[in-house]
2 protein chains.
Amino acid sequence: MLNYSTSEENYIKAIYRLQRQDGTVTTNELAHELKTKPASVTDMMKKLKVKKLLHYEPYQGFRLTGEGSKVALGIIRRHRLWEYFLAEKLKFTWDEVHEVAEDLEHVSNKKLVDKLDEFLGFPRVDPHGDPIPDANGRIQSSKKLVLTELPENMPASVSNVKDQSSSMLELLEHKKIAIGTRLEIKKRFEFDASMEIKIGRHPAFTISKQLAENIFVKYDD
Amino acid sequence: MLNYSTSEENYIKAIYRLQRQDGTVTTNELAHELKTKPASVTDMMKKLKVKKLLHYEPYQGFRLTGEGSKVALGIIRRHRLWEYFLAEKLKFTWDEVHEVAEDLEHVSNKKLVDKLDEFLGFPRVDPHGDPIPDANGRIQSSKKLVLTELPENMPASVSNVKDQSSSMLELLEHKKIAIGTRLEIKKRFEFDASMEIKIGRHPAFTISKQLAENIFVKYDD
DNA sequence: AATACTTTTTAGCTTTGTCTAAATTATTTT
DNA sequence: AAAATAATTTAGACAAAGCTAAAAAGTATT
């Protein structure tokens, strides 16, 4: 596997992320995601097409090729392993790890990454609950759903959270909700879409629609 | 402290390294060290001068400023901490760590580095035995030695003199040797233990055993 | 179907960091 | 102290990655 520039890697990663939600990615979407200008995106798309990392015809949007996806998974693997390292070993808080991992992920030495993985005990999810691809790029995809869509009285575990701001972290901490917490919805209120949830034997409490929209859960296996 | 590009950091680090052997660094030396061309070196020197990281006048060679040295020590700190991490935690062999650390050292997040230092237990030397600068850039200072014991071609600075008679001061003044003068021994003569020393770009000259025995030097930091 | 609007691309310029070739300055040799 | 040689700098180009402004293509509206 070849080596790509930091800039190329950031584009590949962003396209991979947007594809999940969208199938095909547009110039404007990507420019917005990367805080750059559409013209810059077009330039880079031409380059990545030549390198066979994506399918692209002018005005038609773009999609990663198989090779492009493999590269993306490699970057995501590095990012999440470093996040795990930062939180678990260096005691960074949840909301601090992402930014630092953004830099570390671009050091793409296979031996380093595989030995780091081993040192960490082959973790399967990062501190935000997102799955970590293994050395072969395989990723564990569990059917997740937004908490707002979980049926009432159906137990599930918090798998990850969308927003990773410290203000959200503060709220989650206060409500005693963390990755892996098992909970169920007891009642929904139509008026403001708030809901009452229950964790174990503790009394039920209310969370807002805004918070629920940022929490993903999965049914237990 | 500002942030510098990977390229700038590599130049700063190389200058710092070459300074210890030479006092002042030349264009060709640096080009050779960095496997680049002299013209490229000149371009970068102009830039680093503007940023006040080095003293540089055309055709006169260059030397880091205090600020430049601080930046260099920061890079060296990161490099050696990562080397320690790779050897100690990830079980790399001592000969593999340097190359990987060359990439990791450019991730210059102070909190990351300080927490890594703490996680590693504040090691004082890296796997090659080289001292690791602390969070304030302090590096285990080198000990003083009598000039007669300084190895050939090893630059050092005069730290103090034993005899302070006026006859000695007269001689020192004539030879243009003062406290802080950077010099190195070019050749020793077994017959009378006299030695040829060189100060900066001036021609080498001879001093006697008696004089050398009264001069103390220390390696630069 | 023609016009208006939006999105995307192109064209041309900027900054970093590199290069080669030519000019300049320093140093060494005669 | 001139001439020869070596080291250094300047000038001009190039590639990567970005930008702005203008052109082109695609979509929507009347």
# chains A, B, ... in the order shown; residues from 1 in each chain; ligands from 1
$ calpha_fit_rmsd --fixed "chain B" --moving "chain A"
13.4 Å
$ residues_around --residues "Glu83 of chain B" --least-positions-apart "3" --cutoff "9 Å" --atoms "only C-alpha atoms (C1' of nucleotides)" --output "PyMOL selection string"
chain B and resi 78-80+86-88+92+94+96-98+100-101+126-128
$ closest_atom_pairs --of "chain A" --to "chain B" --cutoff "8 Å" --atoms "only C-alpha atoms" --output "tab-separated table"
residue	atom	partner	partner_atom	distance
A:Lys89	CA	B:Phe119	CA	7.2
A:Leu90	CA	B:Lys115	CA	5.8
A:Val100	CA	B:Asn109	CA	7.4
A:Asp103	CA	B:Val107	CA	6.4
A:Leu104	CA	B:Val107	CA	6.8
A:Val107	CA	B:Asp103	CA	6.4
A:Asn109	CA	B:Val100	CA	7.4
A:Leu112	CA	B:Val100	CA	7.6
A:Lys115	CA	B:Leu90	CA	5.8
A:Leu116	CA	B:Leu90	CA	6.3
A:Phe119	CA	B:Leu90	CA	6.2
$ closest_atom_pairs --of "chain C" --to "chain A" --cutoff "8 Å" --atoms "only C-alpha atoms (C1' of nucleotides)" --output "CSV"
residue,atom,partner,partner_atom,distance
C:DT7,C1',A:Asn28,CA,7.7
C:DT8,C1',A:Tyr59,CA,6.0
C:DT9,C1',A:Thr42,CA,7.2
$ write_last_selection --atoms "C-alpha atoms (C1' of nucleotides)" --output "PDB file, in the first residue's frame"
ATOM      1  C1'  DT C   7     -23.316  23.865  -8.432  1.00  0.00           C
ATOM      2  C1'  DT C   8     -19.155  22.673 -10.374  1.00  0.00           C
ATOM      3  C1'  DT C   9     -15.220  23.445 -13.024  1.00  0.00           C
TER       4       DT C   9
END
$ residues_around --residues "DT24 of chain C" --least-positions-apart "6" --cutoff "10 Å" --atoms "only C-alpha atoms (C1' of nucleotides)" --output "PyMOL selection string"
chain D and resi 8-10
$ interface_residues --of "chain D" --to "chain A" --cutoff "12 Å" --atoms "only C-alpha atoms (C1' of nucleotides)" --output "mmCIF file with N, CA and C atoms (P, O5', C5', C4', C3', O3' and C1' of nucleotides), in the first residue's frame"
data_model
loop_
_atom_site.group_PDB
_atom_site.id
_atom_site.type_symbol
_atom_site.label_atom_id
_atom_site.label_comp_id
_atom_site.auth_asym_id
_atom_site.auth_seq_id
_atom_site.Cartn_x
_atom_site.Cartn_y
_atom_site.Cartn_z
ATOM 1 P P DA D 16 2.724 17.106 -7.715
ATOM 2 O "O5'" DA D 16 2.303 17.802 -6.343
ATOM 3 C "C5'" DA D 16 2.991 17.475 -5.152
ATOM 4 C "C4'" DA D 16 2.464 18.332 -4.027
ATOM 5 C "C3'" DA D 16 0.950 18.225 -3.827
ATOM 6 O "O3'" DA D 16 0.725 18.039 -2.437
ATOM 7 C "C1'" DA D 16 1.591 20.500 -4.099
ATOM 8 P P DA D 17 -0.725 17.501 -1.971
ATOM 9 O "O5'" DA D 17 -1.515 18.847 -1.611
ATOM 10 C "C5'" DA D 17 -1.063 19.626 -0.511
ATOM 11 C "C4'" DA D 17 -1.759 20.965 -0.544
ATOM 12 C "C3'" DA D 17 -3.279 20.875 -0.780
ATOM 13 O "O3'" DA D 17 -3.949 21.499 0.296
ATOM 14 C "C1'" DA D 17 -2.277 22.547 -2.112
ATOM 15 P P DG D 18 -5.565 21.400 0.413
ATOM 16 O "O5'" DG D 18 -6.061 22.889 0.184
ATOM 17 C "C5'" DG D 18 -5.692 23.884 1.118
ATOM 18 C "C4'" DG D 18 -5.475 25.203 0.426
ATOM 19 C "C3'" DG D 18 -6.702 25.878 -0.177
ATOM 20 O "O3'" DG D 18 -7.455 26.512 0.808
ATOM 21 C "C1'" DG D 18 -4.750 26.252 -1.484
ATOM 22 P P DC D 19 -8.954 27.028 0.525
ATOM 23 O "O5'" DC D 19 -8.758 28.388 -0.305
ATOM 24 C "C5'" DC D 19 -8.012 29.446 0.284
ATOM 25 C "C4'" DC D 19 -7.843 30.563 -0.724
ATOM 26 C "C3'" DC D 19 -9.165 30.983 -1.368
ATOM 27 O "O3'" DC D 19 -9.616 32.205 -0.832
ATOM 28 C "C1'" DC D 19 -7.461 30.642 -3.034
ATOM 29 P P DT D 20 -11.126 32.720 -1.257
ATOM 30 O "O5'" DT D 20 -10.906 33.547 -2.611
ATOM 31 C "C5'" DT D 20 -9.905 34.568 -2.691
ATOM 32 C "C4'" DT D 20 -10.014 35.230 -4.053
ATOM 33 C "C3'" DT D 20 -11.437 35.635 -4.428
ATOM 34 O "O3'" DT D 20 -11.376 36.875 -5.118
ATOM 35 C "C1'" DT D 20 -10.617 34.076 -6.015
ATOM 36 P P DA D 21 -12.731 37.697 -5.479
ATOM 37 O "O5'" DA D 21 -12.849 37.498 -7.058
ATOM 38 C "C5'" DA D 21 -11.651 37.484 -7.829
ATOM 39 C "C4'" DA D 21 -11.989 37.181 -9.273
ATOM 40 C "C3'" DA D 21 -13.406 37.574 -9.700
ATOM 41 O "O3'" DA D 21 -13.338 37.971 -11.062
ATOM 42 C "C1'" DA D 21 -13.145 35.250 -9.943
ATOM 43 P P DA D 24 -17.354 29.453 -21.261
ATOM 44 O "O5'" DA D 24 -17.955 28.209 -20.472
ATOM 45 C "C5'" DA D 24 -17.044 27.209 -19.973
ATOM 46 C "C4'" DA D 24 -17.855 26.152 -19.283
ATOM 47 C "C3'" DA D 24 -19.041 25.655 -20.097
ATOM 48 O "O3'" DA D 24 -18.916 24.253 -20.154
ATOM 49 C "C1'" DA D 24 -19.732 26.286 -17.915
ATOM 50 P P DA D 25 -19.994 23.310 -20.939
ATOM 51 O "O5'" DA D 25 -20.856 22.783 -19.708
ATOM 52 C "C5'" DA D 25 -20.170 22.091 -18.659
ATOM 53 C "C4'" DA D 25 -21.182 21.654 -17.636
ATOM 54 C "C3'" DA D 25 -22.415 20.991 -18.234
ATOM 55 O "O3'" DA D 25 -22.546 19.761 -17.566
ATOM 56 C "C1'" DA D 25 -23.042 22.759 -16.763
ATOM 57 P P DG D 26 -23.856 18.797 -17.731
ATOM 58 O "O5'" DG D 26 -24.778 19.347 -16.549
ATOM 59 C "C5'" DG D 26 -24.328 19.159 -15.214
ATOM 60 C "C4'" DG D 26 -25.431 19.561 -14.250
ATOM 61 C "C3'" DG D 26 -26.776 18.926 -14.552
ATOM 62 O "O3'" DG D 26 -27.282 18.453 -13.315
ATOM 63 C "C1'" DG D 26 -27.016 21.269 -14.423
#
